[in-house]
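K.L.:
Below is the file coords_38.txt, with compact mmCIF, C-alpha atoms.
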```txt
# COMPACT_ATOMS: atom_id res chain seq x y z
CA MET A 161 115.19 142.12 118.04
CA SER A 162 115.78 138.69 116.53
CA GLY A 163 116.57 135.70 118.73
CA PRO A 164 119.22 132.98 118.27
CA GLU A 165 116.94 130.83 116.11
CA ASP A 166 116.25 133.66 113.67
CA ARG A 167 119.93 134.60 113.52
CA ALA A 168 120.93 131.01 112.84
CA ARG A 169 118.28 130.69 110.15
CA ARG A 170 119.52 133.85 108.47
CA THR A 171 123.12 132.65 108.76
CA LEU A 172 122.28 129.36 107.05
CA THR A 173 120.21 130.88 104.26
CA GLU A 174 122.93 133.45 103.48
CA ALA A 175 125.93 131.10 103.76
CA PRO A 176 127.68 129.77 100.63
CA ALA A 177 126.59 126.21 99.88
CA ASP A 178 129.90 124.68 100.97
CA LEU A 179 130.17 126.68 104.20
CA LEU A 180 126.88 125.92 105.96
CA LEU A 181 128.52 124.20 108.92
CA ASP A 182 131.39 126.67 109.22
CA ARG A 183 129.09 129.70 109.32
CA LEU A 184 126.66 127.92 111.66
CA GLY A 185 129.52 127.05 114.01
CA VAL A 186 130.53 130.72 114.31
CA ASP A 187 126.93 131.68 114.98
CA LEU A 188 126.44 129.01 117.68
CA GLU A 189 129.61 130.08 119.45
CA GLN A 190 128.40 133.67 119.61
CA SER A 191 124.87 132.72 120.74
CA TYR A 192 125.53 129.75 123.06
CA GLY A 193 129.26 129.56 123.75
CA ILE A 194 129.52 126.36 121.71
CA THR A 195 133.11 125.82 120.58
CA HIS A 196 132.78 122.61 118.55
CA THR A 197 130.14 121.89 115.91
CA GLU A 198 130.15 118.83 113.67
CA LEU A 199 127.70 117.30 111.23
CA TYR A 200 127.46 113.50 111.00
CA GLN A 201 125.56 112.23 107.95
CA VAL A 202 124.13 108.73 107.64
CA ASP A 203 125.86 106.78 104.89
CA TYR A 204 124.27 105.06 101.92
CA ARG A 205 124.13 101.69 103.72
CA LEU A 206 122.37 103.20 106.78
CA SER A 207 125.16 101.63 108.83
CA GLY A 208 127.44 104.54 109.72
CA LEU A 209 127.26 108.18 110.76
CA LEU A 210 130.09 109.90 108.91
CA PRO A 211 131.60 113.25 109.95
CA LEU A 212 131.77 116.11 107.50
CA GLY A 213 135.17 116.97 109.01
CA ASP A 214 138.07 114.80 110.16
CA GLY A 215 136.40 112.87 112.97
CA GLU A 216 135.88 109.14 113.18
CA PRO A 217 132.77 107.41 111.75
CA ILE A 218 130.22 106.25 114.33
CA THR A 219 129.07 102.68 113.79
CA ALA A 220 128.60 101.27 117.29
CA PRO A 221 124.94 100.59 118.20
CA GLY A 222 123.82 102.40 121.34
CA HIS A 223 126.08 105.38 120.76
CA PRO A 224 124.36 108.69 121.68
CA ALA A 225 124.53 109.71 118.00
CA TRP A 226 122.59 106.62 116.96
CA ARG A 227 120.06 107.07 119.76
CA CYS A 228 119.49 110.59 118.46
CA PHE A 229 119.18 109.37 114.87
CA ASP A 230 116.93 106.43 115.68
CA HIS A 231 114.52 108.24 118.00
CA GLN A 232 114.74 111.63 116.28
CA GLU A 233 115.14 113.36 119.63
CA PRO A 234 117.99 115.40 121.15
CA VAL A 235 120.42 113.41 123.28
CA VAL A 236 122.83 114.91 125.82
CA ALA A 237 125.69 112.66 126.90
CA ASP A 238 129.30 113.07 128.03
CA GLY A 239 129.25 116.84 127.74
CA ALA A 240 127.97 116.89 124.15
CA GLY A 241 124.58 117.46 122.60
CA TRP A 242 123.30 115.47 119.62
CA PHE A 243 120.42 116.83 117.54
CA PRO A 244 118.59 115.19 114.60
CA VAL A 245 119.16 116.78 111.19
CA GLY A 246 116.44 116.20 108.61
CA MET A 247 113.37 117.52 106.89
CA ARG A 248 109.81 116.21 106.54
CA GLY A 249 110.80 112.77 107.74
CA GLU A 250 113.97 112.52 105.61
CA ARG A 251 116.72 111.71 108.13
CA ARG A 252 120.05 113.13 107.02
CA GLY A 253 122.10 112.68 110.17
CA VAL A 254 122.86 114.39 113.47
CA LEU A 255 124.51 117.60 114.65
CA ARG A 256 127.01 117.36 117.52
CA VAL A 257 127.73 120.44 119.64
CA SER A 258 129.93 120.96 122.71
CA PRO A 259 129.94 122.18 125.33
CA VAL A 260 126.20 121.71 125.47
CA PRO A 261 124.15 124.51 127.08
CA ALA A 262 122.35 123.61 130.30
CA ASP A 263 119.36 125.86 129.56
CA PRO A 264 116.34 123.78 128.36
CA ASP A 265 115.25 126.67 126.14
CA ALA A 266 118.64 126.65 124.45
CA LEU A 267 118.32 122.91 123.80
CA ARG A 268 114.93 123.42 122.18
CA GLU A 269 116.38 126.21 120.04
CA LEU A 270 119.28 124.00 118.94
CA ASP A 271 116.82 121.28 118.00
CA THR A 272 114.98 123.76 115.76
CA ILE A 273 118.24 125.02 114.28
CA SER A 274 119.24 121.46 113.40
CA THR A 275 115.99 121.07 111.47
CA VAL A 276 116.71 124.32 109.62
CA LEU A 277 120.13 122.89 108.76
CA GLY A 278 118.40 119.82 107.32
CA HIS A 279 116.28 122.01 105.05
CA GLU A 280 119.29 124.01 103.90
CA LEU A 281 121.28 120.86 103.16
CA SER A 282 118.46 119.73 100.89
CA ALA A 283 118.39 123.13 99.20
CA VAL A 284 122.12 123.21 98.37
CA MET A 285 122.68 119.53 97.54
CA ALA A 286 122.42 120.11 93.79
CA SER A 287 125.05 122.86 93.81
CA THR A 288 127.92 121.26 95.75
CA ASP A 289 129.30 117.74 96.12
CA ILE A 290 130.90 118.08 99.56
CA TYR A 291 127.95 116.69 101.53
CA LEU A 292 127.32 113.80 99.13
CA THR A 293 131.02 112.92 99.05
CA ALA A 294 131.19 112.89 102.85
CA ARG A 295 128.26 110.44 103.04
CA ARG A 296 130.11 107.54 101.43
CA THR A 297 132.63 105.11 102.89
CA ARG A 298 133.78 104.02 99.44
CA ARG A 299 133.22 104.89 95.83
CA LEU A 300 129.79 104.27 94.34
CA THR A 301 129.64 102.43 91.04
CA LEU A 302 128.44 104.59 88.16
CA ALA A 303 125.15 102.67 88.05
CA ALA A 304 124.63 103.20 91.80
CA GLU A 305 125.41 106.92 91.46
CA MET A 306 122.67 107.16 88.83
CA GLN A 307 120.21 105.20 90.97
CA TRP A 308 120.67 107.27 94.13
CA GLU A 309 120.34 110.52 92.17
CA LEU A 310 117.01 109.22 90.85
CA LEU A 311 115.40 108.73 94.28
CA PRO A 312 112.93 111.21 95.85
CA GLY A 313 114.52 110.59 99.27
CA ARG A 314 114.79 107.71 101.70
CA SER A 315 111.93 108.52 104.09
CA ARG A 316 108.84 110.72 104.22
CA ILE A 317 106.36 111.56 106.99
CA ARG A 318 102.91 113.17 106.88
CA PRO A 319 100.14 112.97 109.49
CA SER A 320 98.35 110.30 107.44
CA PHE A 321 101.32 108.13 106.44
CA SER A 322 104.97 107.32 107.04
CA LEU A 323 107.17 105.90 104.32
CA ALA A 324 110.75 104.68 103.84
CA GLY A 325 112.83 102.76 101.32
CA GLN A 326 116.33 101.43 100.79
CA LEU A 327 118.42 100.04 97.92
CA GLU A 328 120.97 97.24 98.26
CA PRO A 329 123.83 96.71 97.68
CA ALA A 330 123.94 100.42 98.46
CA TYR A 331 127.27 101.14 96.78
CA ALA A 332 126.71 98.91 93.75
CA VAL A 333 122.95 98.76 93.09
CA ARG A 334 122.05 98.47 89.40
CA GLY A 335 118.36 98.40 88.47
CA ASP A 336 116.08 98.22 91.52
CA SER A 337 114.55 101.52 92.58
CA PHE A 338 111.52 103.30 94.02
CA ASP A 339 109.77 106.63 93.60
CA TRP A 340 107.03 108.52 95.41
CA SER A 341 105.10 111.77 95.48
CA ASP A 342 102.11 113.18 97.36
CA ASP A 343 99.88 116.21 97.03
CA GLY A 344 98.10 116.14 100.38
CA HIS A 345 95.22 114.15 98.92
CA ARG A 346 96.94 111.18 97.32
CA LEU A 347 100.23 109.33 97.65
CA TRP A 348 101.79 107.74 94.58
CA LEU A 349 104.39 105.03 95.03
CA SER A 350 106.21 102.96 92.42
CA VAL A 351 108.73 100.19 93.05
CA VAL A 352 110.85 98.84 90.21
CA ASN A 353 112.45 95.41 90.17
CA GLY A 354 115.08 96.16 87.54
CA SER A 355 116.78 93.85 85.09
CA GLY A 356 120.17 93.73 83.42
CA GLU A 357 123.64 94.67 84.60
CA GLY A 358 125.55 97.84 85.32
CA VAL A 359 124.75 101.12 83.64
CA ALA A 360 122.38 99.46 81.16
CA ALA A 361 120.14 98.40 84.06
CA SER A 362 120.19 101.84 85.65
CA MET A 363 119.38 103.50 82.32
CA LEU A 364 116.38 101.22 81.83
CA THR A 365 115.11 102.01 85.34
CA SER A 366 115.71 105.72 84.77
CA LEU A 367 113.65 105.63 81.57
CA ALA A 368 110.79 103.86 83.35
CA THR A 369 110.88 106.23 86.33
CA HIS A 370 110.87 109.37 84.20
CA ALA A 371 108.09 108.00 82.00
CA LEU A 372 105.98 107.26 85.09
CA ARG A 373 106.69 110.73 86.49
CA ASN A 374 105.78 112.34 83.18
CA ALA A 375 102.45 110.49 83.10
CA ARG A 376 101.73 111.19 86.78
CA ARG A 377 102.42 114.92 86.35
CA ALA A 378 100.06 114.92 83.37
CA GLU A 379 97.44 113.68 85.88
CA LEU A 380 96.87 110.40 84.10
CA GLY A 381 95.32 107.49 85.96
CA LEU A 382 97.47 104.67 87.29
CA ALA A 383 96.73 102.27 84.40
CA ASP A 384 97.58 104.97 81.87
CA GLN A 385 100.81 105.74 83.74
CA ALA A 386 101.80 102.10 83.36
CA ALA A 387 100.81 102.15 79.68
CA LEU A 388 102.88 105.24 78.92
CA ALA A 389 105.98 103.78 80.62
CA ASP A 390 105.38 100.48 78.82
CA GLN A 391 105.21 102.26 75.45
CA ALA A 392 108.35 104.32 76.17
CA ILE A 393 110.40 101.22 76.97
CA TYR A 394 109.00 99.18 74.09
CA ALA A 395 109.59 101.99 71.60
CA LEU A 396 113.28 102.01 72.50
CA HIS A 397 113.97 98.30 73.01
CA ARG A 398 111.20 96.56 70.98
CA GLY A 399 110.68 93.98 73.73
CA GLY A 400 114.36 93.17 74.08
CA GLN A 401 114.44 94.76 77.53
CA HIS A 402 111.67 95.08 80.08
CA LEU A 403 111.27 95.43 83.82
CA SER A 404 108.81 94.60 86.58
CA ALA A 405 107.07 97.36 88.52
CA LEU A 406 104.39 97.88 91.12
CA LEU A 407 102.39 101.10 90.97
CA LEU A 408 100.27 102.22 93.91
CA GLU A 409 98.02 105.21 94.58
CA LEU A 410 96.69 105.78 98.10
CA ASP A 411 93.67 108.00 98.73
CA LEU A 412 94.68 109.82 101.92
CA ALA A 413 91.07 110.59 102.87
CA THR A 414 89.74 107.03 102.67
CA GLY A 415 92.66 104.60 102.76
CA THR A 416 91.64 103.13 99.39
CA MET A 417 94.66 101.72 97.57
CA THR A 418 94.68 101.48 93.78
CA VAL A 419 97.28 99.15 92.28
CA VAL A 420 98.72 98.13 88.93
CA ASP A 421 100.91 95.04 89.14
CA ALA A 422 103.24 94.91 86.13
CA GLY A 423 105.04 91.68 87.01
CA SER A 424 105.81 93.32 90.28
CA PRO A 425 107.84 92.84 93.42
CA ARG A 426 106.09 91.18 96.37
CA LEU A 427 103.50 93.19 98.34
CA VAL A 428 103.05 92.11 101.96
CA ARG A 429 100.66 93.50 104.59
CA LEU A 430 101.25 93.56 108.33
CA ARG A 431 97.93 93.96 110.17
CA ASP A 432 97.42 93.40 113.91
CA GLY A 433 100.70 91.50 114.10
CA GLU A 434 99.81 89.10 111.28
CA VAL A 435 101.63 88.98 107.94
CA SER A 436 99.83 88.18 104.69
CA GLU A 437 100.67 88.60 101.02
CA GLN A 438 98.34 90.96 99.19
CA VAL A 439 96.89 89.07 96.22
CA LEU A 440 97.36 91.07 93.02
CA GLU A 441 96.47 90.56 89.39
CA LYS A 442 99.78 89.82 87.69
CA GLN A 443 100.18 91.68 84.40
CA PHE A 444 102.98 91.93 81.84
CA PRO A 445 106.20 93.74 82.82
CA LEU A 446 106.73 97.21 81.37
CA GLY A 447 108.13 97.11 77.83
CA MET A 448 107.62 93.39 77.19
CA PHE A 449 104.95 93.73 74.50
CA GLU A 450 103.58 96.50 72.31
CA GLY A 451 100.40 98.21 73.51
CA THR A 452 99.74 96.27 76.71
CA ASP A 453 96.39 97.22 78.28
CA TYR A 454 96.91 97.55 82.04
CA ARG A 455 94.10 97.21 84.56
CA GLU A 456 93.73 98.74 88.00
CA GLN A 457 92.53 96.95 91.11
CA GLN A 458 91.69 98.25 94.56
CA PHE A 459 91.82 97.16 98.17
CA GLN A 460 91.10 98.91 101.45
CA LEU A 461 93.64 99.75 104.13
CA ARG A 462 92.80 100.13 107.80
CA PRO A 463 94.50 102.71 110.03
CA GLY A 464 97.56 101.01 111.50
CA ASP A 465 98.19 98.80 108.44
CA ARG A 466 101.77 98.44 107.28
CA LEU A 467 102.72 97.49 103.72
CA PHE A 468 106.09 96.17 102.59
CA VAL A 469 107.17 96.01 98.97
CA VAL A 470 110.20 93.78 98.44
CA SER A 471 111.96 92.77 95.24
CA ASP A 472 113.08 89.23 94.49
CA GLY A 473 116.61 90.11 95.60
CA VAL A 474 115.32 89.97 99.19
CA VAL A 475 113.68 86.53 99.23
CA ASP A 476 116.30 85.09 96.88
CA ALA A 477 119.30 86.22 98.94
CA THR A 478 121.42 83.10 99.36
CA ALA A 479 124.06 81.97 101.84
CA LYS A 480 125.78 78.57 101.56
CA ARG A 481 123.13 77.54 99.01
CA ILE A 482 120.35 78.34 101.49
CA ARG A 483 117.72 80.83 100.30
CA TYR A 484 116.44 83.51 102.69
CA GLY A 485 112.92 82.80 101.49
CA GLU A 486 109.37 83.93 102.18
CA THR A 487 109.07 82.21 105.57
CA ALA A 488 112.09 83.98 107.06
CA LEU A 489 110.94 87.25 105.52
CA ASP A 490 107.45 87.02 106.99
CA ARG A 491 108.85 86.06 110.39
CA PHE A 492 111.13 89.10 110.38
CA LEU A 493 108.46 91.49 109.12
CA ARG A 494 106.22 90.49 112.01
CA ARG A 495 108.90 91.71 114.41
CA THR A 496 109.03 95.19 112.86
CA GLY A 497 105.61 96.26 114.16
CA PRO A 498 106.86 98.70 116.85
CA MET A 499 109.52 100.23 114.56
CA GLU A 500 109.27 103.34 112.43
CA PRO A 501 109.35 102.52 108.69
CA LEU A 502 112.97 103.59 108.18
CA ASP A 503 114.05 101.54 111.19
CA ALA A 504 112.05 98.57 109.90
CA VAL A 505 113.71 98.84 106.49
CA ARG A 506 117.17 99.23 108.02
CA SER A 507 116.60 96.26 110.32
CA LEU A 508 115.46 94.02 107.46
CA ILE A 509 118.45 94.98 105.33
CA GLY A 510 120.70 94.36 108.34
CA ASP A 511 119.18 90.91 108.78
CA LEU A 512 119.83 90.13 105.12
CA ARG A 513 123.45 91.28 105.41
CA ALA A 514 123.90 89.08 108.47
CA PHE A 515 122.33 86.15 106.60
CA VAL A 516 124.72 86.42 103.63
CA ALA A 517 127.64 87.58 105.85
CA GLY A 518 128.26 90.74 103.86
CA ASP A 519 126.69 92.88 101.17
CA LEU A 520 124.02 91.40 98.93
CA VAL A 521 125.16 90.23 95.52
CA ASP A 522 121.90 90.80 93.64
CA ASP A 523 119.89 94.01 93.71
CA ALA A 524 117.24 94.34 96.39
CA VAL A 525 114.74 97.07 97.18
CA VAL A 526 112.63 97.34 100.33
CA VAL A 527 109.88 99.93 100.84
CA CYS A 528 107.74 100.22 103.97
CA LEU A 529 104.49 102.25 104.12
CA ASP A 530 102.42 102.88 107.24
CA TRP A 531 98.83 104.07 106.75
CA LEU A 532 98.01 106.07 109.89
CA GLY A 533 94.46 107.08 108.93
CA PRO A 534 92.78 110.19 107.49
CA GLN A 535 94.07 113.47 108.88
CA ASN A 536 92.87 117.03 108.46
```
Would you encode the structure as structure tokens?

P.N.:
Amino acid sequence: MSGPEDRARRTLTEAPADLLLDRLGVDLEQSYGITHTELYQVDYRLSGLLPLGDGEPITAPGHPAWRCFDHQEPVVADGAGWFPVGMRGERRGVLRVSPVPADPDALRELDTISTVLGHELSAVMASTDIYLTARRTRRLTLAAEMQWELLPGRSRIRPSFSLAGQLEPAYAVRGDSFDWSDDGHRLWLSVVNGSGEGVAASMLTSLATHALRNARRAELGLADQAALADQAIYALHRGGQHLSALLLELDLATGTMTVVDAGSPRLVRLRDGEVSEQVLEKQFPLGMFEGTDYREQQFQLRPGDRLFVVSDGVVDATAKRIRYGETALDRFLRRTGPMEPLDAVRSLIGDLRAFVAGDLVDDAVVVCLDWLGPQN
């Protein structure tokens, strides 16, 4: 005889894409006596938890929903239970249920069910717009819509690493982007500091990203990946358009990092509480010249090292003619040591928004990578 977890899993896998929460709510009422079920998804700015239904957005720090989201643990408060919704480190939001069962076993089961919901949301996202529409507080620009569709996710966790990234201004980003993939042995990460305006910038970044993916999936080395993307952009624009990129490949067994710096964003290391810029060999941006020969370099990570990749939109953010700058950035990065990568990224973006008193004007991308050490 199947238990509540198995029934909920079957309910979610069999539900129509647009009715996941409705069907789950019926199932939870039958299994646990829960009469109210609501999904709150984190918005594009990482600043609000937005209800799928007609409830109010949750923005206040310290709210039980944010404690659940930040710590990725169930929270019971004021007669309601909050459970993290996500998959493989990708935080999608939280599930609110009430009344909350008192049985500890039931709470553990609801925690598992919320994770299953996270997986099903990922599975149906390409076939319905209702979840993506509910995640936004205002309309995305066309360029931003293209950029967010291009991303692999916003966070990723494996035993050997933890990774997160964010684009700003979230609802109007143009050309900055990031991409990643891993196969259990290696992690590939690319960060693009785009150029141009509007849709033209997003199209250039999309071309570069797909060219890099095509080369990576052909199992080419990092330098050849850069060369293929460089050729693709040059063939189309003949040097009239180009973009900066940083390509990284991490050996998950040894911590050896291979890098190609194509006029890249800034790479900063946080080790034992100290911040230092990783010295890289600057090479031509992708698409600037025909037939550029890219070279790889390597450096060694230690378990516990944290890397930040930031585009120039971060250090060049300006308020009242005052530039945010490298010194303020390094000081803030030092404070992120105890945070998970997504929290570190969100905190840095929040500090930038506070500095400029609003959304950033220029594109900015922040990626944070923690190397945790080799794992079986």

K.L.:
Determine, for each residue of range 437-468 of chain A having at least one atom at most 12 Å from an atom of range 323-341 of chain A, the closest pair of atoms and their separation in Å to one decimal, counting only C-alpha atoms; order by chain and ascending number, as CSV.

P.N.:
```
residue,atom,partner,partner_atom,distance
A:Arg466,CA,A:Leu323,CA,9.7
A:Leu467,CA,A:Leu323,CA,9.5
A:Phe468,CA,A:Gly325,CA,9.5
```

K.L.:
Would you please work out which residue, of A:Gly485, A:Pro445, A:Gly510, A:Gly163, is nearest to Asp265 in chain A when using only C-alpha atoms?

P.N.:
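Result for the nearest residue to Asp265 in chain A: A:Gly163.
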
K.L.:
Closest to Pro312 in chain A among A:Glu269, A:Asp263, A:Asp238, A:Glu250, using all atoms listed in the file?

P.N.:
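Checking each of A:Glu269, A:Asp263, A:Asp238, A:Glu250 against Pro312 in chain A, counting all atoms listed in the file, the winner is A:Glu250.
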
K.L.:
May I ask for the distance between CA of Ser436 in chain A and CA of Pro463 in chain A, given in Å to one decimal place?

P.N.:
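Separating CA of Ser436 in chain A from CA of Pro463 in chain A is a distance of 16.4 Å.
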
K.L.:
From the set A:Ser350, A:Thr301, A:Thr195, A:Ser355, which residue has the shortest atom-to-atom contact distance to Leu410 in chain A, counting all atoms listed in the file?

P.N.:
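Selected residue with least distance to Leu410 in chain A: A:Ser350.
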
K.L.:
Could you check which of A:Ala422, A:Val245, A:Ala383, A:Ala504 is closest to Arg455 in chain A, using only C-alpha atoms?

P.N.:
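Using only C-alpha atoms, the shortest distance to Arg455 in chain A belongs to A:Ala383.
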
K.L.:
Could you list, as a list of chain:residue names, every residue within 12 Å of Pro224 in chain A, counting all atoms listed in the file and ignoring same-chain residues fewer than 6 positions away?

P.N.:
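After dropping sequence-adjacent residues, the list is A:Leu209, A:Ile218, A:Asp230, A:His231, A:Gln232, A:Glu233, A:Pro234, A:Val235, A:Val236, A:Ala237, A:Asp238, A:Gly239, A:Ala240, A:Gly241, A:Trp242, A:Phe243, A:Pro244, A:Val254, A:Leu255, A:Arg256.
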
K.L.:
Can you measure CA of Gly185 in chain A to CA of Arg268 in chain A for me? One decimal in Å is fine.

P.N.:
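The value is 17.1 Å.
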
K.L.:
Quick check, in Å to one decimal: how far apart do CA of Met499 in chain A and CA of Ser320 in chain A lie?

P.N.:
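Atom-to-atom, CA of Met499 in chain A and CA of Ser320 in chain A are spaced 16.6 Å apart.
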
K.L.:
Which is closest to Asp476 in chain A among A:Ile194, A:Val420, A:Ala387, A:Val516, if we use all atoms listed in the file?

P.N.:
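For Asp476 in chain A, the nearest of the candidates is A:Val516.
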
K.L.:
Find, counting all atoms listed in the file, the residue in A:Leu311, A:Leu446, A:Val359, A:Met247 that gets nearest to Leu388 in chain A.

P.N.:
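Closest to Leu388 in chain A, using all atoms listed in the file: A:Leu446.
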
K.L.:
Find the residues around Arg346 in chain A up to 8 Å (only C-alpha atoms counted), leave out those fewer than 5 positions away in its own chain, and share them as a JSON list (two decimals) with C-alpha atoms, keeping the file's coordinate frame.

P.N.:
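So the final result, stored in around_22.json, reads:
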```json
[["chain", "number", "residue", "atom", "x", "y", "z"],
["A", 409, "GLU", "CA", 98.02, 105.21, 94.58],
["A", 410, "LEU", "CA", 96.69, 105.78, 98.10],
["A", 411, "ASP", "CA", 93.67, 108.00, 98.73],
["A", 412, "LEU", "CA", 94.68, 109.82, 101.92]]
```

K.L.:
Give me the residues within 10 Å of Asp390 in chain A as a list in words, counting only C-alpha atoms and dropping any in the same chain fewer than 5 places off.

P.N.:
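In the requested form, the answer reads Ala368, Ala371, Leu372, Asp384, Gln385, Ala395, Gly399, His402, Leu403, Ala422, Phe444, Pro445, Leu446, Gly447, Met448, Phe449, Glu450, Gly451, Thr452, Asp453 and Tyr454 of chain A.
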
K.L.:
Which polymer residues have any atom within 9 Å of an atom of Pro217 in chain A, counting all atoms listed in the file, with same-chain residues fewer than 4 positions away left out, as a list in words?

P.N.:
Tyr200, Gly208, Leu209, Leu210 and Pro211 of chain A

K.L.:
Starting from 8 Å padding per side, set up an axis-aligned box that covers all listed atoms of range 419-427 of chain A and hand over centre and edge lengths in Å, one decimal, as lines of an AutoDock Vina configuration file.

P.N.:
```
center_x = 102.6
center_y = 95.2
center_z = 92.2
size_x = 26.6
size_y = 24.0
size_z = 28.2
```

K.L.:
Dump as a PyMOL selection string all residues having an atom at most 10 Å from (113.5, 107.0, 78.6), computed in the file's coordinates with all atoms listed in the file.

P.N.:
chain A and resi 363-372+389+392-393+395-396

K.L.:
Atoms are missing here; could range 503-522 of chain A be completed with N, CA and C atoms and written as an mmCIF file, in the coordinates of the input?

P.N.:
```cif
data_model
loop_
_atom_site.group_PDB
_atom_site.id
_atom_site.type_symbol
_atom_site.label_atom_id
_atom_site.label_comp_id
_atom_site.auth_asym_id
_atom_site.auth_seq_id
_atom_site.Cartn_x
_atom_site.Cartn_y
_atom_site.Cartn_z
ATOM 1 N N ASP A 503 113.395 102.504 110.320
ATOM 2 C CA ASP A 503 114.050 101.540 111.190
ATOM 3 C C ASP A 503 113.702 100.109 110.782
ATOM 4 N N ALA A 504 112.459 99.898 110.359
ATOM 5 C CA ALA A 504 112.050 98.570 109.900
ATOM 6 C C ALA A 504 112.830 98.170 108.649
ATOM 7 N N VAL A 505 112.961 99.105 107.715
ATOM 8 C CA VAL A 505 113.710 98.840 106.490
ATOM 9 C C VAL A 505 115.174 98.565 106.808
ATOM 10 N N ARG A 506 115.765 99.402 107.664
ATOM 11 C CA ARG A 506 117.170 99.230 108.020
ATOM 12 C C ARG A 506 117.399 97.905 108.737
ATOM 13 N N SER A 507 116.456 97.517 109.592
ATOM 14 C CA SER A 507 116.600 96.260 110.320
ATOM 15 C C SER A 507 116.514 95.065 109.375
ATOM 16 N N LEU A 508 115.584 95.113 108.413
ATOM 17 C CA LEU A 508 115.460 94.020 107.460
ATOM 18 C C LEU A 508 116.725 93.899 106.610
ATOM 19 N N ILE A 509 117.224 95.021 106.123
ATOM 20 C CA ILE A 509 118.450 94.980 105.330
ATOM 21 C C ILE A 509 119.609 94.451 106.174
ATOM 22 N N GLY A 510 119.670 94.867 107.450
ATOM 23 C CA GLY A 510 120.700 94.360 108.340
ATOM 24 C C GLY A 510 120.597 92.861 108.537
ATOM 25 N N ASP A 511 119.377 92.340 108.637
ATOM 26 C CA ASP A 511 119.180 90.910 108.780
ATOM 27 C C ASP A 511 119.643 90.170 107.525
ATOM 28 N N LEU A 512 119.381 90.738 106.363
ATOM 29 C CA LEU A 512 119.830 90.130 105.120
ATOM 30 C C LEU A 512 121.356 90.126 105.032
ATOM 31 N N ARG A 513 121.984 91.237 105.429
ATOM 32 C CA ARG A 513 123.450 91.280 105.410
ATOM 33 C C ARG A 513 124.038 90.241 106.353
ATOM 34 N N ALA A 514 123.422 90.093 107.528
ATOM 35 C CA ALA A 514 123.900 89.080 108.470
ATOM 36 C C ALA A 514 123.717 87.679 107.893
ATOM 37 N N PHE A 515 122.622 87.459 107.182
ATOM 38 C CA PHE A 515 122.330 86.150 106.600
ATOM 39 C C PHE A 515 123.380 85.767 105.557
ATOM 40 N N VAL A 516 123.750 86.721 104.691
ATOM 41 C CA VAL A 516 124.720 86.420 103.630
ATOM 42 C C VAL A 516 126.152 86.730 104.069
ATOM 43 N N ALA A 517 126.312 87.250 105.300
ATOM 44 C CA ALA A 517 127.640 87.580 105.850
ATOM 45 C C ALA A 517 128.363 88.615 104.993
ATOM 46 N N GLY A 518 127.660 89.671 104.651
ATOM 47 C CA GLY A 518 128.260 90.740 103.860
ATOM 48 C C GLY A 518 127.200 91.488 103.081
ATOM 49 N N ASP A 519 127.637 92.184 102.033
ATOM 50 C CA ASP A 519 126.690 92.880 101.170
ATOM 51 C C ASP A 519 125.977 91.891 100.266
ATOM 52 N N LEU A 520 124.757 92.235 99.875
ATOM 53 C CA LEU A 520 124.020 91.400 98.930
ATOM 54 C C LEU A 520 124.709 91.424 97.569
ATOM 55 N N VAL A 521 124.586 90.322 96.856
ATOM 56 C CA VAL A 521 125.160 90.230 95.520
ATOM 57 C C VAL A 521 124.173 90.779 94.490
ATOM 58 N N ASP A 522 122.936 90.330 94.558
ATOM 59 C CA ASP A 522 121.900 90.800 93.640
ATOM 60 C C ASP A 522 121.214 92.042 94.194
#
```
